[in-house]
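Have a look at work-v1.cif; it's mmCIF, N, CA and C atoms:
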data_target
loop_
_atom_site.label_atom_id
_atom_site.label_comp_id
_atom_site.auth_asym_id
_atom_site.auth_seq_id
_atom_site.Cartn_x
_atom_site.Cartn_y
_atom_site.Cartn_z
N MET A 1 24.30 19.04 169.59
CA MET A 1 25.27 20.00 169.10
C MET A 1 24.70 20.70 167.86
N SER A 2 24.80 22.00 167.85
CA SER A 2 24.28 22.78 166.73
C SER A 2 25.24 22.75 165.55
N ARG A 3 24.71 22.59 164.37
CA ARG A 3 25.52 22.60 163.15
C ARG A 3 25.15 23.83 162.35
N ASN A 4 26.12 24.69 162.12
CA ASN A 4 25.93 25.89 161.31
C ASN A 4 26.45 25.63 159.91
N TRP A 5 25.62 25.93 158.93
CA TRP A 5 26.01 25.77 157.52
C TRP A 5 26.01 27.13 156.84
N VAL A 6 26.92 27.26 155.89
CA VAL A 6 26.94 28.42 154.99
C VAL A 6 26.78 27.84 153.59
N LEU A 7 25.74 28.27 152.89
CA LEU A 7 25.48 27.80 151.54
C LEU A 7 25.74 28.95 150.58
N VAL A 8 26.74 28.78 149.72
CA VAL A 8 27.10 29.80 148.73
C VAL A 8 26.73 29.23 147.36
N ALA A 9 25.82 29.92 146.65
CA ALA A 9 25.29 29.34 145.42
C ALA A 9 25.21 30.38 144.30
N ASP A 10 25.38 29.88 143.08
CA ASP A 10 25.01 30.63 141.88
C ASP A 10 24.09 29.72 141.08
N LYS A 11 23.78 30.07 139.86
CA LYS A 11 22.74 29.32 139.14
C LYS A 11 23.15 27.90 138.74
N SER A 12 24.43 27.55 138.84
CA SER A 12 24.84 26.21 138.43
C SER A 12 25.64 25.43 139.47
N LYS A 13 25.99 26.08 140.59
CA LYS A 13 26.81 25.39 141.59
C LYS A 13 26.49 25.92 142.98
N ALA A 14 26.39 25.00 143.93
CA ALA A 14 26.18 25.38 145.32
C ALA A 14 27.23 24.67 146.17
N ARG A 15 27.89 25.46 147.00
CA ARG A 15 28.87 24.88 147.91
C ARG A 15 28.37 25.07 149.33
N ILE A 16 28.50 24.01 150.10
CA ILE A 16 28.04 24.03 151.48
C ILE A 16 29.28 23.91 152.37
N PHE A 17 29.35 24.82 153.33
CA PHE A 17 30.45 24.84 154.29
C PHE A 17 29.88 24.69 155.69
N THR A 18 30.66 24.11 156.59
CA THR A 18 30.30 24.10 158.00
C THR A 18 31.19 25.08 158.73
N VAL A 19 30.68 25.53 159.87
CA VAL A 19 31.43 26.47 160.70
C VAL A 19 31.37 25.94 162.13
N ALA A 20 32.50 25.45 162.63
CA ALA A 20 32.56 24.91 163.98
C ALA A 20 32.61 26.02 165.01
N ASP A 21 33.41 27.04 164.76
CA ASP A 21 33.59 28.16 165.66
C ASP A 21 32.93 29.39 165.01
N PRO A 22 32.11 30.15 165.76
CA PRO A 22 31.42 31.30 165.16
C PRO A 22 32.34 32.30 164.45
N ARG A 23 33.60 32.36 164.85
CA ARG A 23 34.55 33.27 164.20
C ARG A 23 35.57 32.51 163.35
N GLY A 24 35.34 31.22 163.19
CA GLY A 24 36.31 30.36 162.54
C GLY A 24 36.21 30.30 161.02
N ALA A 25 37.07 29.47 160.49
CA ALA A 25 37.15 29.28 159.03
C ALA A 25 36.02 28.38 158.54
N LEU A 26 35.79 28.45 157.25
CA LEU A 26 34.79 27.60 156.61
C LEU A 26 35.42 26.26 156.23
N GLN A 27 34.72 25.17 156.54
CA GLN A 27 35.18 23.84 156.13
C GLN A 27 34.22 23.29 155.08
N ASP A 28 34.76 22.73 154.01
CA ASP A 28 33.94 22.16 152.94
C ASP A 28 33.09 21.02 153.47
N GLU A 29 31.82 21.03 153.11
CA GLU A 29 30.89 19.97 153.48
C GLU A 29 30.40 19.23 152.24
N ALA A 30 29.92 19.97 151.25
CA ALA A 30 29.37 19.34 150.05
C ALA A 30 29.36 20.33 148.89
N VAL A 31 29.29 19.78 147.68
CA VAL A 31 29.16 20.58 146.46
C VAL A 31 28.03 19.98 145.64
N LEU A 32 27.10 20.82 145.22
CA LEU A 32 26.02 20.41 144.34
C LEU A 32 26.20 21.16 143.03
N GLU A 33 26.15 20.43 141.92
CA GLU A 33 26.32 21.08 140.62
C GLU A 33 25.14 20.78 139.72
N HIS A 34 24.87 21.74 138.86
CA HIS A 34 23.79 21.62 137.88
C HIS A 34 24.30 22.19 136.56
N PRO A 35 25.10 21.39 135.82
CA PRO A 35 25.74 21.91 134.60
C PRO A 35 24.75 22.36 133.53
N GLU A 36 23.53 21.85 133.54
CA GLU A 36 22.54 22.26 132.54
C GLU A 36 22.26 23.76 132.61
N ALA A 37 22.42 24.36 133.76
CA ALA A 37 22.16 25.79 133.91
C ALA A 37 23.18 26.63 133.15
N ARG A 38 24.32 26.04 132.81
CA ARG A 38 25.34 26.77 132.05
C ARG A 38 25.13 26.66 130.55
N ASP A 39 24.25 25.77 130.12
CA ASP A 39 24.01 25.58 128.68
C ASP A 39 23.35 26.81 128.08
N ARG A 40 23.61 27.01 126.82
CA ARG A 40 22.97 28.11 126.10
C ARG A 40 21.50 27.77 125.89
N GLU A 41 20.69 28.79 125.75
CA GLU A 41 19.26 28.59 125.57
C GLU A 41 18.96 27.74 124.34
N GLN A 42 19.77 27.87 123.30
CA GLN A 42 19.57 27.08 122.08
C GLN A 42 19.71 25.59 122.38
N THR A 43 20.59 25.25 123.30
CA THR A 43 20.78 23.85 123.66
C THR A 43 19.64 23.34 124.52
N LEU A 44 19.12 24.19 125.41
CA LEU A 44 18.06 23.78 126.32
C LEU A 44 16.72 23.59 125.60
N ALA A 45 16.44 24.44 124.63
CA ALA A 45 15.19 24.33 123.88
C ALA A 45 15.44 23.43 122.67
N SER A 46 14.63 22.40 122.53
CA SER A 46 14.90 21.41 121.49
C SER A 46 14.65 21.93 120.08
N ASP A 47 13.71 22.84 119.91
CA ASP A 47 13.43 23.35 118.58
C ASP A 47 12.68 24.68 118.69
N ARG A 48 12.25 25.17 117.56
CA ARG A 48 11.49 26.41 117.55
C ARG A 48 10.15 26.20 118.25
N PRO A 49 9.57 27.27 118.79
CA PRO A 49 8.27 27.12 119.45
C PRO A 49 7.20 26.70 118.45
N GLY A 50 6.19 26.02 118.94
CA GLY A 50 5.08 25.59 118.10
C GLY A 50 4.28 26.76 117.58
N ARG A 51 3.38 26.48 116.64
CA ARG A 51 2.56 27.54 116.06
C ARG A 51 1.11 27.21 116.33
N SER A 52 0.31 28.25 116.40
CA SER A 52 -1.10 28.08 116.71
C SER A 52 -1.92 29.08 115.90
N PHE A 53 -3.17 28.72 115.64
CA PHE A 53 -4.09 29.65 114.99
C PHE A 53 -4.73 30.54 116.04
N ASP A 54 -5.08 31.75 115.65
CA ASP A 54 -5.83 32.64 116.54
C ASP A 54 -7.19 32.02 116.80
N SER A 55 -7.78 32.37 117.93
CA SER A 55 -9.11 31.83 118.25
C SER A 55 -10.17 32.38 117.30
N LYS A 56 -9.94 33.55 116.75
CA LYS A 56 -10.86 34.12 115.76
C LYS A 56 -10.04 34.62 114.59
N GLY A 57 -10.47 34.35 113.41
CA GLY A 57 -9.79 34.87 112.23
C GLY A 57 -8.76 33.90 111.68
N GLN A 58 -7.97 34.40 110.75
CA GLN A 58 -7.03 33.58 110.01
C GLN A 58 -5.59 33.65 110.52
N GLY A 59 -5.33 34.43 111.54
CA GLY A 59 -3.95 34.65 111.99
C GLY A 59 -3.31 33.42 112.62
N ARG A 60 -2.01 33.33 112.46
CA ARG A 60 -1.20 32.29 113.10
C ARG A 60 -0.04 32.95 113.82
N HIS A 61 0.37 32.38 114.92
CA HIS A 61 1.49 32.96 115.66
C HIS A 61 2.24 31.87 116.41
N ALA A 62 3.46 32.22 116.81
CA ALA A 62 4.28 31.28 117.59
C ALA A 62 3.78 31.25 119.02
N MET A 63 3.82 30.08 119.59
CA MET A 63 3.42 29.91 120.99
C MET A 63 4.66 30.08 121.86
N GLY A 64 4.57 30.94 122.85
CA GLY A 64 5.69 31.15 123.76
C GLY A 64 5.61 30.21 124.94
N SER A 65 6.74 29.92 125.54
CA SER A 65 6.73 29.10 126.74
C SER A 65 6.52 30.00 127.95
N PRO A 66 5.83 29.53 128.98
CA PRO A 66 5.57 30.37 130.14
C PRO A 66 6.84 30.73 130.92
N VAL A 67 7.86 29.86 130.86
CA VAL A 67 9.12 30.10 131.55
C VAL A 67 10.25 29.83 130.56
N GLU A 68 11.19 30.74 130.48
CA GLU A 68 12.34 30.55 129.59
C GLU A 68 13.14 29.33 130.04
N PRO A 69 13.75 28.59 129.11
CA PRO A 69 14.47 27.37 129.47
C PRO A 69 15.59 27.57 130.49
N ASP A 70 16.36 28.66 130.40
CA ASP A 70 17.43 28.86 131.37
C ASP A 70 16.88 29.16 132.76
N ARG A 71 15.77 29.87 132.82
CA ARG A 71 15.10 30.14 134.11
C ARG A 71 14.56 28.84 134.70
N GLN A 72 14.04 27.96 133.85
CA GLN A 72 13.51 26.68 134.32
C GLN A 72 14.63 25.83 134.94
N GLU A 73 15.81 25.87 134.35
CA GLU A 73 16.95 25.11 134.92
C GLU A 73 17.36 25.68 136.27
N THR A 74 17.30 27.00 136.43
CA THR A 74 17.61 27.60 137.72
C THR A 74 16.58 27.20 138.76
N ILE A 75 15.32 27.11 138.37
CA ILE A 75 14.26 26.67 139.28
C ILE A 75 14.50 25.22 139.71
N ARG A 76 14.87 24.37 138.76
CA ARG A 76 15.17 22.96 139.09
C ARG A 76 16.33 22.86 140.06
N PHE A 77 17.37 23.66 139.82
CA PHE A 77 18.54 23.61 140.69
C PHE A 77 18.19 24.11 142.10
N ALA A 78 17.40 25.16 142.19
CA ALA A 78 16.99 25.67 143.50
C ALA A 78 16.24 24.59 144.28
N LYS A 79 15.40 23.84 143.60
CA LYS A 79 14.68 22.74 144.26
C LYS A 79 15.65 21.66 144.72
N GLN A 80 16.62 21.32 143.89
CA GLN A 80 17.62 20.31 144.25
C GLN A 80 18.39 20.74 145.51
N VAL A 81 18.82 22.00 145.56
CA VAL A 81 19.56 22.51 146.71
C VAL A 81 18.67 22.52 147.95
N ALA A 82 17.44 23.00 147.80
CA ALA A 82 16.52 23.05 148.94
C ALA A 82 16.22 21.65 149.48
N ASP A 83 16.06 20.68 148.60
CA ASP A 83 15.82 19.30 149.04
C ASP A 83 17.01 18.77 149.83
N HIS A 84 18.23 19.07 149.36
CA HIS A 84 19.43 18.62 150.06
C HIS A 84 19.50 19.22 151.47
N VAL A 85 19.24 20.51 151.58
CA VAL A 85 19.28 21.18 152.88
C VAL A 85 18.17 20.63 153.78
N GLU A 86 16.99 20.43 153.23
CA GLU A 86 15.88 19.92 154.04
C GLU A 86 16.18 18.52 154.58
N HIS A 87 16.74 17.64 153.74
CA HIS A 87 17.10 16.30 154.20
C HIS A 87 18.16 16.36 155.29
N ALA A 88 19.15 17.23 155.12
CA ALA A 88 20.21 17.39 156.13
C ALA A 88 19.63 17.92 157.44
N HIS A 89 18.72 18.87 157.35
CA HIS A 89 18.09 19.41 158.55
C HIS A 89 17.27 18.34 159.27
N ASN A 90 16.50 17.59 158.51
CA ASN A 90 15.68 16.53 159.11
C ASN A 90 16.52 15.43 159.73
N ALA A 91 17.73 15.22 159.20
CA ALA A 91 18.64 14.21 159.75
C ALA A 91 19.45 14.75 160.93
N GLY A 92 19.29 16.03 161.26
CA GLY A 92 19.99 16.62 162.38
C GLY A 92 21.38 17.14 162.07
N HIS A 93 21.71 17.32 160.80
CA HIS A 93 23.03 17.79 160.42
C HIS A 93 23.13 19.31 160.34
N CYS A 94 22.01 20.00 160.25
CA CYS A 94 22.02 21.45 160.03
C CYS A 94 20.88 22.09 160.83
N ASP A 95 21.25 23.04 161.71
CA ASP A 95 20.24 23.77 162.48
C ASP A 95 20.12 25.22 162.03
N ARG A 96 21.24 25.79 161.59
CA ARG A 96 21.28 27.18 161.14
C ARG A 96 21.89 27.22 159.75
N LEU A 97 21.35 28.09 158.92
CA LEU A 97 21.82 28.20 157.54
C LEU A 97 22.02 29.67 157.20
N LEU A 98 23.21 29.99 156.73
CA LEU A 98 23.48 31.31 156.16
C LEU A 98 23.47 31.12 154.65
N LEU A 99 22.51 31.72 154.00
CA LEU A 99 22.29 31.56 152.57
C LEU A 99 22.91 32.75 151.85
N VAL A 100 23.89 32.49 150.96
CA VAL A 100 24.58 33.54 150.21
C VAL A 100 24.38 33.26 148.72
N ALA A 101 23.66 34.15 148.04
CA ALA A 101 23.38 33.96 146.61
C ALA A 101 22.97 35.29 145.99
N GLY A 102 23.05 35.35 144.66
CA GLY A 102 22.59 36.52 143.93
C GLY A 102 21.07 36.61 143.99
N PRO A 103 20.51 37.78 143.69
CA PRO A 103 19.07 38.02 143.84
C PRO A 103 18.14 36.99 143.19
N PRO A 104 18.32 36.60 141.92
CA PRO A 104 17.34 35.68 141.34
C PRO A 104 17.30 34.32 142.05
N LEU A 105 18.47 33.75 142.31
CA LEU A 105 18.53 32.45 142.97
C LEU A 105 18.14 32.56 144.44
N LEU A 106 18.51 33.64 145.09
CA LEU A 106 18.17 33.83 146.49
C LEU A 106 16.66 33.82 146.69
N GLY A 107 15.94 34.48 145.80
CA GLY A 107 14.48 34.49 145.89
C GLY A 107 13.88 33.10 145.73
N LEU A 108 14.41 32.33 144.79
CA LEU A 108 13.91 30.96 144.60
C LEU A 108 14.20 30.09 145.81
N LEU A 109 15.43 30.18 146.33
CA LEU A 109 15.79 29.39 147.50
C LEU A 109 14.98 29.80 148.73
N ARG A 110 14.76 31.07 148.88
CA ARG A 110 13.96 31.58 150.00
C ARG A 110 12.56 30.95 149.96
N GLY A 111 11.98 30.92 148.78
CA GLY A 111 10.64 30.35 148.64
C GLY A 111 10.61 28.86 148.94
N LYS A 112 11.63 28.15 148.51
CA LYS A 112 11.64 26.70 148.70
C LYS A 112 12.05 26.29 150.12
N LEU A 113 12.94 27.06 150.75
CA LEU A 113 13.39 26.72 152.10
C LEU A 113 12.49 27.30 153.19
N GLY A 114 11.61 28.21 152.82
CA GLY A 114 10.71 28.82 153.81
C GLY A 114 9.77 27.85 154.47
N THR A 115 9.57 26.69 153.88
CA THR A 115 8.65 25.71 154.44
C THR A 115 9.32 24.71 155.38
N VAL A 116 10.64 24.78 155.53
CA VAL A 116 11.36 23.85 156.40
C VAL A 116 11.24 24.36 157.84
N SER A 117 10.49 23.65 158.65
CA SER A 117 10.25 24.12 160.02
C SER A 117 11.45 23.86 160.92
N GLY A 118 11.73 24.83 161.77
CA GLY A 118 12.81 24.70 162.73
C GLY A 118 14.18 25.09 162.22
N LEU A 119 14.32 25.36 160.94
CA LEU A 119 15.60 25.76 160.37
C LEU A 119 15.71 27.28 160.44
N LYS A 120 16.75 27.76 161.10
CA LYS A 120 16.98 29.20 161.21
C LYS A 120 17.81 29.63 160.00
N ILE A 121 17.26 30.56 159.22
CA ILE A 121 17.91 30.98 157.97
C ILE A 121 18.24 32.46 158.02
N SER A 122 19.49 32.78 157.69
CA SER A 122 19.93 34.17 157.48
C SER A 122 20.33 34.28 156.01
N GLU A 123 20.31 35.49 155.49
CA GLU A 123 20.60 35.67 154.06
C GLU A 123 21.59 36.81 153.83
N ILE A 124 22.40 36.62 152.81
CA ILE A 124 23.26 37.69 152.29
C ILE A 124 23.08 37.68 150.78
N GLU A 125 22.68 38.82 150.25
CA GLU A 125 22.43 38.93 148.81
C GLU A 125 23.71 39.34 148.10
N LYS A 126 24.56 38.34 147.81
CA LYS A 126 25.81 38.55 147.08
C LYS A 126 26.09 37.30 146.28
N ASN A 127 26.68 37.48 145.13
CA ASN A 127 27.10 36.34 144.33
C ASN A 127 28.59 36.11 144.58
N LEU A 128 28.90 35.16 145.44
CA LEU A 128 30.28 34.86 145.82
C LEU A 128 30.73 33.49 145.31
N GLY A 129 30.00 32.93 144.38
CA GLY A 129 30.28 31.58 143.90
C GLY A 129 31.65 31.37 143.29
N GLN A 130 32.27 32.41 142.78
CA GLN A 130 33.56 32.26 142.11
C GLN A 130 34.75 32.30 143.07
N TYR A 131 34.52 32.60 144.35
CA TYR A 131 35.61 32.73 145.31
C TYR A 131 35.90 31.43 146.05
N ASP A 132 37.11 31.34 146.61
CA ASP A 132 37.44 30.19 147.45
C ASP A 132 36.94 30.45 148.87
N ALA A 133 37.07 29.45 149.75
CA ALA A 133 36.52 29.52 151.10
C ALA A 133 37.11 30.67 151.91
N VAL A 134 38.39 30.92 151.77
CA VAL A 134 39.03 31.99 152.54
C VAL A 134 38.48 33.35 152.12
N GLU A 135 38.33 33.57 150.83
CA GLU A 135 37.80 34.85 150.34
C GLU A 135 36.32 35.00 150.70
N ILE A 136 35.56 33.92 150.62
CA ILE A 136 34.14 33.98 150.99
C ILE A 136 34.01 34.40 152.45
N ARG A 137 34.84 33.83 153.31
CA ARG A 137 34.77 34.14 154.75
C ARG A 137 34.97 35.63 155.00
N LYS A 138 35.79 36.28 154.20
CA LYS A 138 36.04 37.72 154.36
C LYS A 138 34.78 38.55 154.10
N HIS A 139 33.87 38.04 153.29
CA HIS A 139 32.64 38.76 152.94
C HIS A 139 31.49 38.48 153.90
N LEU A 140 31.69 37.56 154.83
CA LEU A 140 30.63 37.17 155.76
C LEU A 140 30.77 37.94 157.06
N PRO A 141 29.72 37.98 157.87
CA PRO A 141 29.82 38.65 159.17
C PRO A 141 30.94 38.02 160.00
N GLU A 142 31.54 38.85 160.87
CA GLU A 142 32.65 38.36 161.68
C GLU A 142 32.22 37.17 162.54
N ARG A 143 31.03 37.25 163.05
CA ARG A 143 30.51 36.18 163.91
C ARG A 143 29.34 35.51 163.23
N LEU A 144 29.45 34.21 162.98
CA LEU A 144 28.37 33.47 162.32
C LEU A 144 27.49 32.76 163.31
#
Whole structure, structure tokens version:
Amino acid sequence: MSRNWVLVADKSKARIFTVADPRGALQDEAVLEHPEARDREQTLASDRPGRSFDSKGQGRHAMGSPVEPDRQETIRFAKQVADHVEHAHNAGHCDRLLLVAGPPLLGLLRGKLGTVSGLKISEIEKNLGQYDAVEIRKHLPERL
């Protein structure tokens, strides 16, 4: 039996719904949360960036981090969500996935879920995380 999932995510919360009937309502399956993604950057970074000397001369400057702390938390959350979906797919719980997320998170999830073989993935680039299941269903294709 095929299991269709709809994953609606923003940077701190992902809700997974199942769809028994292609035109039917969404049923809650799971919720994944990552509250650290809601923290302010000041909270995520423990202190000011370190300082370094220039390779030549007397200058000193602050060292920047390659990835901003809030972006790093979004990357961690995308991996957590992708791992959950991959485990469910490997266990036979999910064959098709409709991925609904805003552009930054959608790109991260696309990259992480692209390696899951046999999983059919469709995408909708919308941030619907604040809506309930009935309202989300209105924004999805009539037939899933």
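Shortest separation to A:Thr115 among A:Glu33, A:Glu73, A:Glu68, A:Asp83 occurs at residue A:Asp83, atoms counted being only C-alpha atoms.
For the choices A:Leu128, A:Ser117, A:Lys13, A:Pro22, the atom-to-atom distance to A:His87 is smallest for A:Ser117 when using only C-alpha atoms.
For the residues A:Leu32, A:Ile124, A:Ala78, A:Val19, ranking by smallest atom-to-atom distance to A:Leu144 using only C-alpha atoms places A:Val19 first.
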To verify the selection step, state as a compact mmCIF listing (two decimals) with N, CA and C atoms, in the frame of the given file which residues the PyMOL selection byres (((chain A and resi 108 and name CA) around 12) and name CA) yields on this input.
# COMPACT_ATOMS: atom_id res chain seq x y z
N ALA A 9 25.82 29.92 146.65
CA ALA A 9 25.29 29.34 145.42
C ALA A 9 25.21 30.38 144.30
N ASP A 10 25.38 29.88 143.08
CA ASP A 10 25.01 30.63 141.88
C ASP A 10 24.09 29.72 141.08
N LYS A 11 23.78 30.07 139.86
CA LYS A 11 22.74 29.32 139.14
C LYS A 11 23.15 27.90 138.74
N ARG A 71 15.77 29.87 132.82
CA ARG A 71 15.10 30.14 134.11
C ARG A 71 14.56 28.84 134.70
N GLN A 72 14.04 27.96 133.85
CA GLN A 72 13.51 26.68 134.32
C GLN A 72 14.63 25.83 134.94
N GLU A 73 15.81 25.87 134.35
CA GLU A 73 16.95 25.11 134.92
C GLU A 73 17.36 25.68 136.27
N THR A 74 17.30 27.00 136.43
CA THR A 74 17.61 27.60 137.72
C THR A 74 16.58 27.20 138.76
N ILE A 75 15.32 27.11 138.37
CA ILE A 75 14.26 26.67 139.28
C ILE A 75 14.50 25.22 139.71
N ARG A 76 14.87 24.37 138.76
CA ARG A 76 15.17 22.96 139.09
C ARG A 76 16.33 22.86 140.06
N PHE A 77 17.37 23.66 139.82
CA PHE A 77 18.54 23.61 140.69
C PHE A 77 18.19 24.11 142.10
N ALA A 78 17.40 25.16 142.19
CA ALA A 78 16.99 25.67 143.50
C ALA A 78 16.24 24.59 144.28
N LYS A 79 15.40 23.84 143.60
CA LYS A 79 14.68 22.74 144.26
C LYS A 79 15.65 21.66 144.72
N GLN A 80 16.62 21.32 143.89
CA GLN A 80 17.62 20.31 144.25
C GLN A 80 18.39 20.74 145.51
N VAL A 81 18.82 22.00 145.56
CA VAL A 81 19.56 22.51 146.71
C VAL A 81 18.67 22.52 147.95
N ALA A 82 17.44 23.00 147.80
CA ALA A 82 16.52 23.05 148.94
C ALA A 82 16.22 21.65 149.48
N LEU A 99 22.51 31.72 154.00
CA LEU A 99 22.29 31.56 152.57
C LEU A 99 22.91 32.75 151.85
N ALA A 101 23.66 34.15 148.04
CA ALA A 101 23.38 33.96 146.61
C ALA A 101 22.97 35.29 145.99
N GLY A 102 23.05 35.35 144.66
CA GLY A 102 22.59 36.52 143.93
C GLY A 102 21.07 36.61 143.99
N PRO A 103 20.51 37.78 143.69
CA PRO A 103 19.07 38.02 143.84
C PRO A 103 18.14 36.99 143.19
N PRO A 104 18.32 36.60 141.92
CA PRO A 104 17.34 35.68 141.34
C PRO A 104 17.30 34.32 142.05
N LEU A 105 18.47 33.75 142.31
CA LEU A 105 18.53 32.45 142.97
C LEU A 105 18.14 32.56 144.44
N LEU A 106 18.51 33.64 145.09
CA LEU A 106 18.17 33.83 146.49
C LEU A 106 16.66 33.82 146.69
N GLY A 107 15.94 34.48 145.80
CA GLY A 107 14.48 34.49 145.89
C GLY A 107 13.88 33.10 145.73
N LEU A 109 15.43 30.18 146.33
CA LEU A 109 15.79 29.39 147.50
C LEU A 109 14.98 29.80 148.73
N ARG A 110 14.76 31.07 148.88
CA ARG A 110 13.96 31.58 150.00
C ARG A 110 12.56 30.95 149.96
N GLY A 111 11.98 30.92 148.78
CA GLY A 111 10.64 30.35 148.64
C GLY A 111 10.61 28.86 148.94
N LYS A 112 11.63 28.15 148.51
CA LYS A 112 11.64 26.70 148.70
C LYS A 112 12.05 26.29 150.12
N LEU A 113 12.94 27.06 150.75
CA LEU A 113 13.39 26.72 152.10
C LEU A 113 12.49 27.30 153.19
N GLY A 114 11.61 28.21 152.82
CA GLY A 114 10.71 28.82 153.81
C GLY A 114 9.77 27.85 154.47
Residue nearest A:Gln27 among A:Lys120, A:Arg137, A:His93, A:Lys126 (counting only C-alpha atoms):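 Checking each candidate against A:Gln27, we get A:Arg137 as the closest.
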Residue by residue, what does the PyMOL selection byres (((chain A and resi 132 and name CA) around 12) and name CA) grab here? Present the result as a list in words.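 Checked against the file, the PyMOL selection byres (((chain A and resi 132 and name CA) around 12) and name CA) matches Val8, Arg15, Ile16, Phe17, Ala25, Leu26, Gln27, Asp28, Leu128, Gly129, Gln130, Tyr131, Ala133, Val134, Glu135, Ile136, Arg137, Lys138 and His139 of chain A.
Of note, atom CA of A:Leu7 and atom CA of A:Leu98 are spaced 6.1 Å apart.
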Evaluate the PyMOL selection byres ((chain A and resi 94) around 6.5) against this structure - the residues, as a PyMOL selection string, please. chain A and resi 2-5+88-93+95-97+119
Record the distance separating atom CA of A:Ile121 and atom C of A:Glu86, expressed in Å with one decimal. 13.0 Å
So for stretch 73-78 of chain A, what box centre and size do we get, axis-aligned, 5 Å extra on each of the six sides, every listed atom, Å to one decimal, as JSON?
{"center_x": 16.4, "center_y": 25.2, "center_z": 139.3, "size_x": 14.3, "size_y": 14.7, "size_z": 19.9}
As a check of understanding: the span from atom CA of A:Pro69 to atom N of A:Ala14 is 18.9 Å
